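What's in protein_25.txt: compact mmCIF, C-alpha atoms and all ligand atoms
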```
# COMPACT_ATOMS: atom_id res chain seq x y z
CA MET A 1 29.62 106.43 42.17
CA VAL A 2 30.29 104.43 39.02
CA GLN A 3 29.62 106.55 35.98
CA ALA A 4 29.36 104.34 32.97
CA SER A 5 30.11 106.24 29.80
CA PRO A 6 27.63 105.38 27.05
CA SER A 7 30.27 103.99 24.70
CA LEU A 8 31.66 101.41 27.20
CA PRO A 9 30.19 98.19 28.59
CA VAL A 10 29.35 98.36 32.32
CA ASP A 11 32.13 95.96 33.39
CA GLU A 12 34.79 97.97 31.61
CA ALA A 13 33.45 101.23 33.04
CA LEU A 14 33.64 99.73 36.52
CA ARG A 15 37.20 98.53 35.95
CA GLN A 16 38.28 101.95 34.68
CA SER A 17 36.63 103.69 37.56
CA GLU A 18 38.37 101.45 40.09
CA GLU A 19 41.68 102.03 38.34
CA ARG A 20 41.17 105.82 38.46
CA PHE A 21 40.35 105.58 42.15
CA ARG A 22 43.45 103.44 42.81
CA LEU A 23 45.62 105.97 40.97
CA LEU A 24 44.03 108.82 42.91
CA VAL A 25 44.75 107.13 46.25
CA GLU A 26 48.25 106.23 45.19
CA ALA A 27 48.99 109.84 44.26
CA VAL A 28 47.84 111.36 47.59
CA LYS A 29 50.93 112.80 49.26
CA ASP A 30 49.69 114.25 52.54
CA TYR A 31 48.00 111.12 53.85
CA ALA A 32 49.31 107.61 54.22
CA ILE A 33 46.44 105.56 52.84
CA PHE A 34 46.88 101.81 52.72
CA MET A 35 45.13 98.55 53.29
CA LEU A 36 45.64 95.76 55.77
CA ASN A 37 44.49 92.19 55.25
CA PRO A 38 42.35 90.70 58.06
CA ALA A 39 45.54 89.56 59.83
CA GLY A 40 46.89 93.12 59.95
CA GLU A 41 49.52 92.74 57.23
CA VAL A 42 50.08 95.62 54.83
CA ALA A 43 48.35 94.89 51.53
CA SER A 44 48.70 98.18 49.63
CA TRP A 45 50.79 101.35 49.91
CA ASN A 46 50.56 104.89 48.55
CA THR A 47 52.91 107.82 47.94
CA GLY A 48 51.84 109.51 51.17
CA ALA A 49 52.60 106.34 53.16
CA GLN A 50 56.06 106.16 51.63
CA ARG A 51 56.63 109.86 52.33
CA ILE A 52 55.36 109.77 55.93
CA LYS A 53 56.58 106.34 57.03
CA GLY A 54 59.70 106.09 54.91
CA TYR A 55 59.19 102.56 53.55
CA ALA A 56 58.95 101.78 49.84
CA ALA A 57 55.99 99.57 48.87
CA THR A 58 58.26 96.60 48.18
CA GLU A 59 59.80 96.83 51.68
CA ILE A 60 56.59 96.94 53.63
CA ILE A 61 53.89 95.01 51.82
CA GLY A 62 53.33 91.71 53.60
CA GLN A 63 54.70 92.96 56.97
CA HIS A 64 52.47 93.28 60.02
CA PHE A 65 51.50 96.90 60.66
CA ARG A 66 52.73 96.67 64.28
CA VAL A 67 56.17 97.81 62.99
CA PHE A 68 54.74 101.36 62.84
CA TYR A 69 54.30 101.44 66.63
CA PRO A 70 56.76 102.24 69.46
CA ALA A 71 58.14 99.18 71.25
CA GLU A 72 56.08 99.77 74.40
CA ARG A 73 52.84 99.96 72.37
CA GLN A 74 53.81 96.75 70.56
CA ALA A 75 54.51 95.06 73.87
CA SER A 76 51.07 96.00 75.21
CA ARG A 77 49.50 94.62 71.96
CA HIS A 78 47.95 98.00 71.23
CA PRO A 79 48.00 97.55 67.40
CA GLU A 80 46.08 94.28 67.65
CA ARG A 81 43.56 95.91 69.97
CA GLU A 82 42.99 98.72 67.49
CA LEU A 83 42.05 96.18 64.83
CA GLU A 84 39.70 94.39 67.22
CA ILE A 85 37.91 97.65 67.99
CA ALA A 86 37.75 98.62 64.31
CA LEU A 87 36.32 95.21 63.47
CA HIS A 88 33.79 95.38 66.26
CA GLU A 89 32.70 99.00 65.88
CA GLY A 90 33.49 99.58 62.22
CA ARG A 91 36.03 102.30 62.89
CA TYR A 92 38.87 103.26 65.22
CA GLU A 93 40.54 106.67 65.54
CA GLU A 94 43.37 107.93 67.74
CA GLU A 95 46.36 110.21 67.96
CA GLY A 96 49.69 108.88 69.14
CA TRP A 97 53.35 108.30 68.46
CA ARG A 98 54.31 106.26 65.41
CA ILE A 99 57.73 105.13 64.24
CA ARG A 100 59.21 105.86 60.83
CA LYS A 101 61.60 103.56 59.04
CA GLY A 102 64.93 104.21 60.77
CA GLY A 103 63.33 104.79 64.19
CA GLY A 104 62.24 108.47 64.05
CA ARG A 105 59.01 109.30 65.88
CA PHE A 106 56.11 111.32 64.59
CA TRP A 107 52.79 112.25 66.10
CA ALA A 108 50.04 110.69 64.03
CA ASN A 109 46.33 110.99 63.56
CA VAL A 110 45.12 107.51 62.61
CA VAL A 111 41.78 106.25 61.33
CA ILE A 112 41.25 102.52 60.79
CA THR A 113 38.09 101.31 59.04
CA ALA A 114 36.99 97.70 58.65
CA ILE A 115 36.04 96.70 55.13
CA ARG A 116 33.36 94.16 54.37
CA ASN A 117 31.80 92.99 51.10
CA PRO A 118 28.05 93.38 50.55
CA ALA A 119 27.58 89.89 52.03
CA GLY A 120 29.24 91.10 55.26
CA ASP A 121 32.46 89.09 54.96
CA HIS A 122 35.45 90.79 56.50
CA LEU A 123 37.98 91.68 53.78
CA GLY A 124 40.48 93.73 55.75
CA PHE A 125 41.04 97.33 56.87
CA THR A 126 41.87 100.68 55.38
CA LYS A 127 44.20 102.82 57.35
CA VAL A 128 44.58 106.56 56.89
CA THR A 129 47.43 108.19 58.77
CA ARG A 130 48.27 111.89 58.95
CA ASP A 131 51.50 113.32 60.33
CA VAL A 132 50.40 115.92 62.89
CA THR A 133 53.77 116.16 64.64
CA GLU A 134 53.50 119.93 64.85
CA ARG A 135 50.28 119.64 66.82
CA GLY A 136 51.88 116.91 68.97
CA ARG A 137 54.88 119.13 69.58
CA LEU A 138 52.66 121.99 70.73
CA LEU A 139 50.76 119.60 72.97
CA GLN A 140 54.01 118.24 74.42
CA GLU A 141 55.28 121.78 74.93
CA ARG A 142 52.13 122.63 76.81
CA ILE A 143 52.49 119.49 78.94
CA ASP A 144 56.18 120.30 79.60
CA ALA A 145 55.31 123.86 80.57
CA ALA A 146 52.58 122.65 82.92
CA THR A 147 54.97 120.14 84.50
CA ALA A 148 57.67 122.78 84.89
CA LEU A 149 55.14 125.09 86.49
CA GLU A 150 54.04 122.38 88.86
CA ILE A 151 57.64 121.62 89.88
CA ALA A 152 58.34 125.33 90.33
CA ASN A 153 55.21 125.60 92.46
CA ARG A 154 56.27 122.71 94.66
CA GLU A 155 59.75 124.22 95.10
CA LEU A 156 58.15 127.53 95.94
CA GLU A 157 55.96 125.89 98.52
CA LYS A 158 58.98 124.21 100.11
CA ALA A 159 60.89 127.50 100.08
CA ASN A 160 57.87 129.12 101.71
CA VAL A 161 57.85 126.55 104.49
CA ARG A 162 61.60 127.06 105.02
CA LEU A 163 61.14 130.80 105.04
CA ALA A 164 58.27 130.61 107.49
CA ARG A 165 60.42 128.39 109.72
CA ALA A 166 63.32 130.81 109.47
CA VAL A 167 61.05 133.73 110.35
CA ALA A 168 59.61 131.83 113.29
CA ASP A 169 63.15 130.93 114.39
CA GLN A 170 64.25 134.52 114.14
CA SER A 171 61.44 135.76 116.30
CA GLN A 172 62.04 132.94 118.77
CA PHE A 173 65.73 133.85 118.90
CA LEU A 174 64.81 137.47 119.49
CA ALA A 175 62.27 136.63 122.19
CA VAL A 176 64.75 134.36 123.97
CA THR A 177 67.53 136.91 123.70
CA ALA A 178 65.37 139.74 125.01
CA HIS A 179 64.07 137.61 127.84
CA GLU A 180 67.49 136.31 128.85
CA LEU A 181 69.15 139.72 128.61
CA ARG A 182 66.65 141.52 130.80
CA ASN A 183 67.78 140.03 134.08
CA PRO A 184 71.58 140.35 133.87
CA ILE A 185 71.30 143.80 132.36
CA ALA A 186 69.01 144.92 135.18
CA VAL A 187 71.62 143.61 137.63
CA LEU A 188 74.46 145.32 135.77
CA SER A 189 72.78 148.72 135.51
CA GLY A 190 71.27 148.57 139.00
CA SER A 191 74.58 147.62 140.61
CA ALA A 192 76.48 150.26 138.64
CA ARG A 193 73.98 152.95 139.71
CA THR A 194 74.11 151.86 143.34
CA LEU A 195 77.89 151.87 143.33
CA GLY A 196 77.98 155.31 141.67
CA ASP A 197 75.36 156.93 143.92
CA TYR A 198 76.36 155.41 147.23
CA TRP A 199 80.07 154.59 146.88
CA PRO A 200 81.20 156.61 149.97
CA VAL A 201 78.56 155.10 152.28
CA LEU A 202 78.85 151.48 151.16
CA THR A 203 80.90 149.02 153.19
CA ASP A 204 83.68 147.05 151.56
CA VAL A 205 81.60 143.88 151.80
CA GLU A 206 78.63 145.57 150.07
CA ARG A 207 80.85 146.91 147.30
CA THR A 208 82.38 143.45 146.76
CA GLU A 209 78.92 141.85 146.62
CA LEU A 210 77.73 144.35 144.01
CA LEU A 211 80.89 143.86 141.93
CA ASP A 212 80.54 140.06 142.17
CA ALA A 213 76.93 140.33 141.01
CA MET A 214 78.10 142.44 138.09
CA SER A 215 80.78 140.00 136.98
CA LEU A 216 78.40 137.05 137.33
CA SER A 217 75.85 138.87 135.18
CA SER A 218 78.38 139.83 132.54
CA ARG A 219 79.53 136.19 132.40
CA ARG A 220 75.93 135.18 131.87
CA VAL A 221 75.53 137.68 129.06
CA SER A 222 78.66 136.52 127.30
CA ARG A 223 77.60 132.87 127.65
CA LEU A 224 74.21 133.74 126.23
CA LEU A 225 75.85 135.53 123.34
CA ASN A 226 78.18 132.59 122.71
CA ASP A 227 75.30 130.08 122.75
CA LEU A 228 73.18 132.19 120.41
CA LEU A 229 76.05 132.56 117.96
CA THR A 230 76.92 128.88 118.12
CA ALA A 231 73.30 127.80 117.67
CA SER A 232 72.76 130.01 114.65
CA ARG A 233 76.04 128.86 113.10
CA LEU A 234 75.15 125.22 113.68
CA GLU A 235 71.76 125.92 112.18
CA ALA A 236 73.35 127.49 109.10
CA ASN A 237 75.94 124.71 108.84
CA ALA A 238 78.58 127.39 109.16
CA ILE A 239 80.43 126.23 112.23
CA GLU A 240 84.21 126.20 111.94
CA LEU A 241 85.94 123.39 113.75
CA HIS A 242 89.63 122.92 114.43
CA PRO A 243 89.92 119.36 115.67
CA MET A 244 93.13 118.13 117.30
CA PRO A 245 94.16 115.62 119.96
CA VAL A 246 92.80 116.89 123.27
CA ARG A 247 93.86 115.61 126.71
CA LEU A 248 90.60 115.14 128.62
CA ASP A 249 92.01 115.49 132.15
CA ALA A 250 93.15 119.05 131.41
CA LEU A 251 89.97 120.03 129.57
CA LEU A 252 87.51 118.59 132.11
CA GLY A 253 89.62 119.93 135.01
CA ALA A 254 89.37 123.45 133.60
CA SER A 255 85.60 123.17 133.05
CA VAL A 256 85.03 121.97 136.61
CA ALA A 257 87.26 124.72 138.02
CA THR A 258 85.30 127.37 136.09
CA ALA A 259 81.98 126.02 137.37
CA ARG A 260 83.28 125.95 140.95
CA ALA A 261 84.48 129.55 140.60
CA ALA A 262 81.10 130.70 139.25
CA ASP A 263 79.18 129.05 142.04
CA ARG A 264 81.05 128.75 145.28
CA ASP A 265 78.51 126.28 146.67
CA ALA A 266 78.85 123.94 143.71
CA ALA A 267 80.11 120.55 144.81
CA ILE A 268 81.48 118.81 141.73
CA ASP A 269 83.34 115.50 141.68
CA LEU A 270 85.72 114.71 138.87
CA ASP A 271 86.60 111.10 138.06
CA ILE A 272 88.59 110.50 134.92
CA ALA A 273 90.54 107.50 133.64
CA PRO A 274 94.19 108.47 133.03
CA GLY A 275 95.59 109.11 129.57
CA LEU A 276 92.26 109.71 127.75
CA THR A 277 92.69 111.72 124.58
CA VAL A 278 89.94 112.57 122.09
CA PHE A 279 90.12 114.11 118.65
CA ALA A 280 88.05 117.29 118.82
CA ASP A 281 87.98 121.06 118.68
CA PRO A 282 89.00 121.86 122.28
CA GLU A 283 87.00 125.09 122.57
CA ARG A 284 83.83 123.53 121.19
CA LEU A 285 84.24 120.47 123.36
CA ALA A 286 84.68 122.68 126.42
CA GLN A 287 81.56 124.63 125.43
CA ALA A 288 79.55 121.40 125.32
CA VAL A 289 80.89 120.17 128.66
CA ASP A 290 80.28 123.60 130.28
CA ASN A 291 76.67 123.42 129.12
CA LEU A 292 76.14 120.01 130.72
CA ILE A 293 77.76 121.05 134.01
CA SER A 294 75.81 124.29 134.24
CA ASN A 295 72.58 122.39 133.51
CA ALA A 296 73.37 119.97 136.35
CA ILE A 297 73.90 122.90 138.71
CA GLN A 298 70.99 124.98 137.43
CA HIS A 299 68.33 122.33 136.77
CA GLY A 300 69.57 119.42 138.90
CA ARG A 301 70.69 118.92 142.46
CA PRO A 302 74.03 118.25 144.13
CA PRO A 303 76.10 116.16 144.15
CA VAL A 304 77.26 116.77 140.59
CA SER A 305 79.82 114.41 139.13
CA VAL A 306 81.81 114.41 135.91
CA GLU A 307 83.30 111.09 134.74
CA ALA A 308 85.09 109.94 131.63
CA HIS A 309 85.99 106.48 130.43
CA GLU A 310 86.73 104.75 127.15
CA ASP A 311 84.17 102.56 125.43
CA ALA A 312 84.78 100.89 122.04
CA GLY A 313 86.71 103.62 120.27
CA ASN A 314 84.84 106.44 121.97
CA VAL A 315 85.30 108.35 125.17
CA GLN A 316 82.10 108.79 127.13
CA ILE A 317 81.98 111.91 129.25
CA ARG A 318 79.15 111.55 131.74
CA VAL A 319 77.68 114.41 133.76
CA ARG A 320 75.42 113.25 136.60
CA ASP A 321 73.55 115.04 139.32
CA GLY A 322 71.45 114.03 142.31
CA GLY A 323 68.22 115.60 141.08
CA SER A 324 65.10 113.77 139.95
CA GLY A 325 65.92 114.03 136.25
CA VAL A 326 64.22 115.63 133.29
CA ALA A 327 60.44 115.98 133.25
CA GLU A 328 59.03 113.05 131.26
CA GLU A 329 57.14 115.15 128.74
CA LEU A 330 60.30 117.09 127.93
CA VAL A 331 62.49 114.05 127.19
CA PRO A 332 61.41 113.48 123.54
CA ARG A 333 62.42 117.01 122.51
CA LEU A 334 65.16 117.55 125.05
CA PHE A 335 67.87 118.13 122.43
CA GLN A 336 65.77 120.34 120.16
CA ARG A 337 66.19 124.06 119.98
CA PHE A 338 64.26 126.16 122.50
CA ALA A 339 63.21 123.09 124.49
CA SER A 340 63.22 124.07 128.10
CA GLY A 341 61.39 123.02 131.23
CA GLU A 342 58.36 124.99 132.37
CA HIS A 343 59.75 126.50 135.52
CA HIS A 344 63.26 127.19 134.32
CA ARG A 345 64.60 130.28 132.79
CA GLY A 346 67.01 129.66 129.97
CA THR A 347 67.36 129.72 126.20
CA GLY A 348 66.63 126.07 125.66
CA LEU A 349 69.60 126.08 123.30
CA GLY A 350 72.16 124.40 125.57
CA LEU A 351 71.42 120.75 124.84
CA PHE A 352 70.83 121.46 121.14
CA ILE A 353 74.32 122.92 121.02
CA VAL A 354 75.80 120.01 122.97
CA ARG A 355 74.41 117.39 120.61
CA GLU A 356 75.05 119.28 117.38
CA LEU A 357 78.63 120.05 118.39
CA ALA A 358 79.18 116.40 119.30
CA ARG A 359 77.66 115.11 116.05
CA SER A 360 79.56 117.53 113.88
CA GLN A 361 82.75 116.09 115.37
CA GLY A 362 81.87 112.43 114.88
CA GLY A 363 80.40 111.98 118.34
CA ASP A 364 76.96 112.08 119.91
CA ALA A 365 75.09 113.09 123.06
CA TRP A 366 72.13 111.55 124.86
CA TYR A 367 70.20 111.43 128.09
CA GLU A 368 70.01 108.45 130.40
CA SER A 369 67.87 108.18 133.46
CA PRO A 370 68.97 105.27 135.60
CA SER A 371 66.70 105.01 138.66
CA GLY A 372 65.12 108.39 137.97
CA GLN A 373 68.34 110.39 138.21
CA SER A 374 69.67 112.47 135.38
CA SER A 375 72.76 111.49 133.50
CA PHE A 376 73.91 113.19 130.31
CA VAL A 377 76.48 111.45 128.12
CA LEU A 378 78.74 113.14 125.61
CA SER A 379 80.54 110.64 123.42
CA MET A 380 83.57 111.65 121.35
CA PRO A 381 85.88 109.59 119.14
CA VAL A 382 89.17 108.57 120.71
CA ASP A 383 92.20 110.16 119.11
CA SER A 384 93.45 107.19 117.08
CA ALA A 385 97.11 108.29 117.36
CA ALA A 386 96.92 108.48 121.12
CA PRO A 387 97.45 104.81 122.12
CA ARG A 388 100.67 104.65 120.10
CA GLU A 389 101.85 107.86 121.75
CA TRP A 390 100.98 106.44 125.14
CA GLU A 391 102.75 103.12 124.37
CA ARG A 392 105.87 105.01 123.28
CA GLN A 393 105.88 106.94 126.52
CA THR A 394 105.54 103.82 128.67
CA GLN A 395 108.22 101.97 126.69
CA ASN A 396 110.82 104.73 127.13
N1 LIG A 401 70.55 118.02 134.75
C1 LIG A 401 69.27 118.30 134.48
N2 LIG A 401 68.28 117.97 135.35
C2 LIG A 401 66.99 118.23 135.11
N3 LIG A 401 66.55 118.85 133.99
C3 LIG A 401 67.47 119.21 133.09
C4 LIG A 401 68.86 118.95 133.26
N4 LIG A 401 69.52 119.41 132.18
C5 LIG A 401 68.58 119.93 131.36
N5 LIG A 401 67.36 119.83 131.90
C6 LIG A 401 66.09 120.27 131.30
O1 LIG A 401 66.30 120.42 129.90
C7 LIG A 401 65.95 121.73 129.49
C8 LIG A 401 66.81 122.14 128.32
O2 LIG A 401 68.14 122.38 128.71
P1 LIG A 401 69.00 123.34 127.82
O3 LIG A 401 68.86 122.92 126.41
O4 LIG A 401 70.38 123.38 128.38
O5 LIG A 401 68.27 124.72 127.95
P2 LIG A 401 68.23 125.72 129.17
O6 LIG A 401 69.27 125.26 130.14
O7 LIG A 401 68.56 127.02 128.58
O8 LIG A 401 66.85 125.64 129.69
C9 LIG A 401 66.11 122.57 130.72
O9 LIG A 401 65.30 123.72 130.65
C10 LIG A 401 65.66 121.62 131.82
O10 LIG A 401 64.28 121.64 131.93
MG MG A 402 71.21 124.84 129.65
```
Could you rewrite the structure in this file as structure tokens?
Amino acid sequence: MVQASPSLPVDEALRQSEERFRLLVEAVKDYAIFMLNPAGEVASWNTGAQRIKGYAATEIIGQHFRVFYPAERQASRHPERELEIALHEGRYEEEGWRIRKGGGRFWANVVITAIRNPAGDHLGFTKVTRDVTERGRLLQERIDAATALEIANRELEKANVRLARAVADQSQFLAVTAHELRNPIAVLSGSARTLGDYWPVLTDVERTELLDAMSLSSRRVSRLLNDLLTASRLEANAIELHPMPVRLDALLGASVATARAADRDAAIDLDIAPGLTVFADPERLAQAVDNLISNAIQHGRPPVSVEAHEDAGNVQIRVRDGGSGVAEELVPRLFQRFASGEHHRGTGLGLFIVRELARSQGGDAWYESPSGQSSFVLSMPVDSAAPREWERQTQN
């Protein structure tokens, strides 16, 4: 390395050569090349270091080189570990974020080399740092793109699951509708044909029976339609409610009267505490109560009873029947859509509607089975203005 010129003594040639080398290193612009003492403090500085890191030589010489690292790397003592590795293995190289004077980040390629004298004593380290931010940016962009893709994929998967559920729901809705329509429509068309073909020879009683069958079937179809519409609106969160104070004696009385009219054999008791008023959409509340009463008649046994009483800010409407209750295996999913007992016809939407309607109006619905009987409870918030109204009436 050292080229002694013939006219100079060896010592002087060596000194000149070292000086040339120092000047060369100092002048390098594209690399930060500097030395650290064994403790990791900056011992020399070049033009490239000033350009890349932003410090002038006078500002940085004597400071520990940890200042070039992000706070989290300093906290984990990464700079110190780099020196340990370099000392142990002779050399350490990595790419990572470094901090310029003033706090700006750049992506750096760093090589640290341990320096020893010929006797093997440790003198310090050289550190060569290159600003490869552009490469880092591309890398980060690639990572960002991959992350975005992964997120998009996950969203897509979720959407797929929702879509599959919606498709399954649709076909279930269709199957239920078709199944439930078949019977009443057969009754309607059969009765209409019989009446048309045989009108003159039918007795009055036979004509009345056929017409009754027709109106019962058309009521069933319109109830089915109403339940399907309500269920799909509840499902889509698109139900419109018009809540107002509702007198329960009138509402429950009407529901019981309708059920008695539909089924002349239906024995239904009504027991309601006077003056109960809830805050609810009256039509939707009636729809829920109708569902519970028709379940008691259809799936349960007489006697059927409807009661209402107040309990801690809520009114509990209880529909009971004398049957043996809901099959045990059905209970856990009783209020889910399309849950229906094995031997019953039906949409399996009734109790789903009851509970969803109750919950969307601040109430709830549940099943109780005291001593094996069935008892369905529909709980609705009391109309908070009602007691004052009631007090006013009793005072006057
Ligand atoms: N009062 C009841 N007694 C016994 N089982 C009942 C009663 N009410 C509901 N169930 C059971 O719960 C199921 C779900 O009821 P519901 O959601 O109204 O659907 P659907 O009446 O169309 O079958 C019924 O199929 C029946 O098996
Ligand atoms: Mg039902």
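Among the candidates A:Gln336, A:Asn46, A:Ser305, A:Thr129, the one nearest to ligand MG 402 (chain A) when counting all atoms listed in the file is A:Gln336.
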Padding of 4 Å on every side, edges along x, y and z, all listed atoms of segment 61-75 of chain A included: what centre and edge lengths in Å, to one decimal, does that box have, as lines of an AutoDock Vina configuration file?
```
center_x = 54.8
center_y = 97.0
center_z = 63.1
size_x = 14.6
size_y = 18.5
size_z = 30.6
```
Using all atoms listed in the file, what does the table of chain A residues within 12 Å of ligand MG 402 (chain A) look like, with each row giving the shortest atom pair and its distance in Å to one decimal, sorted by chain and ascending number, as a Markdown table?
```
| residue | atom | partner | partner_atom | distance |
| --- | --- | --- | --- | --- |
| A:Arg220 | CA | A:MG402 | MG | 11.6 |
| A:Arg223 | CA | A:MG402 | MG | 10.5 |
| A:Leu224 | CA | A:MG402 | MG | 10.0 |
| A:Asp227 | CA | A:MG402 | MG | 9.6 |
| A:Leu228 | CA | A:MG402 | MG | 12.0 |
| A:Gln287 | CA | A:MG402 | MG | 11.2 |
| A:Ala288 | CA | A:MG402 | MG | 10.0 |
| A:Val289 | CA | A:MG402 | MG | 10.8 |
| A:Asp290 | CA | A:MG402 | MG | 9.2 |
| A:Asn291 | CA | A:MG402 | MG | 5.7 |
| A:Leu292 | CA | A:MG402 | MG | 7.0 |
| A:Ile293 | CA | A:MG402 | MG | 8.7 |
| A:Ser294 | CA | A:MG402 | MG | 6.5 |
| A:Asn295 | CA | A:MG402 | MG | 4.8 |
| A:Ala296 | CA | A:MG402 | MG | 8.6 |
| A:Ile297 | CA | A:MG402 | MG | 9.6 |
| A:Gln298 | CA | A:MG402 | MG | 7.8 |
| A:His299 | CA | A:MG402 | MG | 8.1 |
| A:Gly300 | CA | A:MG402 | MG | 10.8 |
| A:Leu334 | CA | A:MG402 | MG | 10.5 |
| A:Phe335 | CA | A:MG402 | MG | 10.4 |
| A:Gln336 | CA | A:MG402 | MG | 11.8 |
| A:Arg337 | CA | A:MG402 | MG | 10.9 |
| A:Phe338 | CA | A:MG402 | MG | 10.1 |
| A:Ala339 | CA | A:MG402 | MG | 9.7 |
| A:Ser340 | CA | A:MG402 | MG | 8.2 |
| A:Gly341 | CA | A:MG402 | MG | 10.1 |
| A:His344 | CA | A:MG402 | MG | 9.5 |
| A:Arg345 | CA | A:MG402 | MG | 9.1 |
| A:Gly346 | CA | A:MG402 | MG | 6.4 |
| A:Thr347 | CA | A:MG402 | MG | 7.1 |
| A:Gly348 | CA | A:MG402 | MG | 6.2 |
| A:Leu349 | CA | A:MG402 | MG | 6.7 |
| A:Gly350 | CA | A:MG402 | MG | 4.2 |
| A:Leu351 | CA | A:MG402 | MG | 6.3 |
| A:Phe352 | CA | A:MG402 | MG | 9.2 |
| A:Ile353 | CA | A:MG402 | MG | 9.4 |
| A:Val354 | CA | A:MG402 | MG | 9.4 |
| A:Phe376 | CA | A:MG402 | MG | 12.0 |
```
Ref. answer, residues at most 10 Å from (48.3, 88.8, 60.2) with all atoms listed in the file, as a count of residues only
13
Can you pull out every residue within 8 Å of segment 364-366 of chain A, counting all atoms listed in the file, but drop anything in the same chain fewer than 6 positions away, and send it as a list of chain:residue names?
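Counting only the stated atoms, we get A:Val354, A:Arg355, A:Glu356, A:Ala358, A:Phe376, A:Val377, A:Leu378, A:Ser379, A:Met380.
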Export C-alpha atoms of the chosen residues as a compact mmCIF listing (two decimals), in the frame of the given file?
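After the write, result32.txt holds the following:
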```
# COMPACT_ATOMS: atom_id res chain seq x y z
CA VAL A 354 75.80 120.01 122.97
CA ARG A 355 74.41 117.39 120.61
CA GLU A 356 75.05 119.28 117.38
CA ALA A 358 79.18 116.40 119.30
CA PHE A 376 73.91 113.19 130.31
CA VAL A 377 76.48 111.45 128.12
CA LEU A 378 78.74 113.14 125.61
CA SER A 379 80.54 110.64 123.42
CA MET A 380 83.57 111.65 121.35
```
Give the answer as one residue: which of A:Glu95, A:Asp311, A:Glu72, A:Glu283 has the shortest atom-to-atom distance to Leu139 of chain A, using only C-alpha atoms?
A:Glu95
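Taking atom CA of Arg284 of chain A and atom CA of Leu357 of chain A as the two end points, the separation is 6.9 Å.
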Which residue is closest to Asp271 of chain A? Choose from A:His88, A:Arg154, A:Arg77, A:Arg320 and count only C-alpha atoms.
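That would be A:Arg320, the residue with the smallest distance to Asp271 of chain A.
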With a distance cut-off of 12 Å and all atoms listed in the file, select the neighbouring residues of Asn237 of chain A, excluding the residue or stretch itself and same-chain residues fewer than 4 positions from it, and output the selection as number ranges by chain.
A: 230-233, 241, 356-357, 360
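Nearest residue to ligand LIG 401 (chain A), choosing from A:Glu134, A:Glu328, A:Asp212, A:Glu84 and counting all atoms listed in the file: A:Glu328.
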Can you work out which one of A:Leu188, A:Leu24, A:Met35, A:Ala286 has the shortest atom-to-atom distance to Leu251 of chain A, counting all atoms listed in the file?
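Closest candidate: A:Ala286.
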So, counting only C-alpha atoms, which residue among A:Ala49, A:Leu234, A:Val221, A:Ile61 is closest to Leu181 of chain A?
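Checking each of A:Ala49, A:Leu234, A:Val221, A:Ile61 against Leu181 of chain A, counting only C-alpha atoms, the winner is A:Val221.
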Quick one: pull the distance between atom O3 of ligand LIG 401 (chain A) and atom CA of Met244 of chain A, Å, one decimal.
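If I compute the distance from atom O3 of ligand LIG 401 (chain A) to atom CA of Met244 of chain A, I get 26.4 Å.
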For the atom pair atom CA of Asn314 of chain A and atom CA of Ala250 of chain A, what is the interatomic distance in Å to one decimal place?
17.8 Å
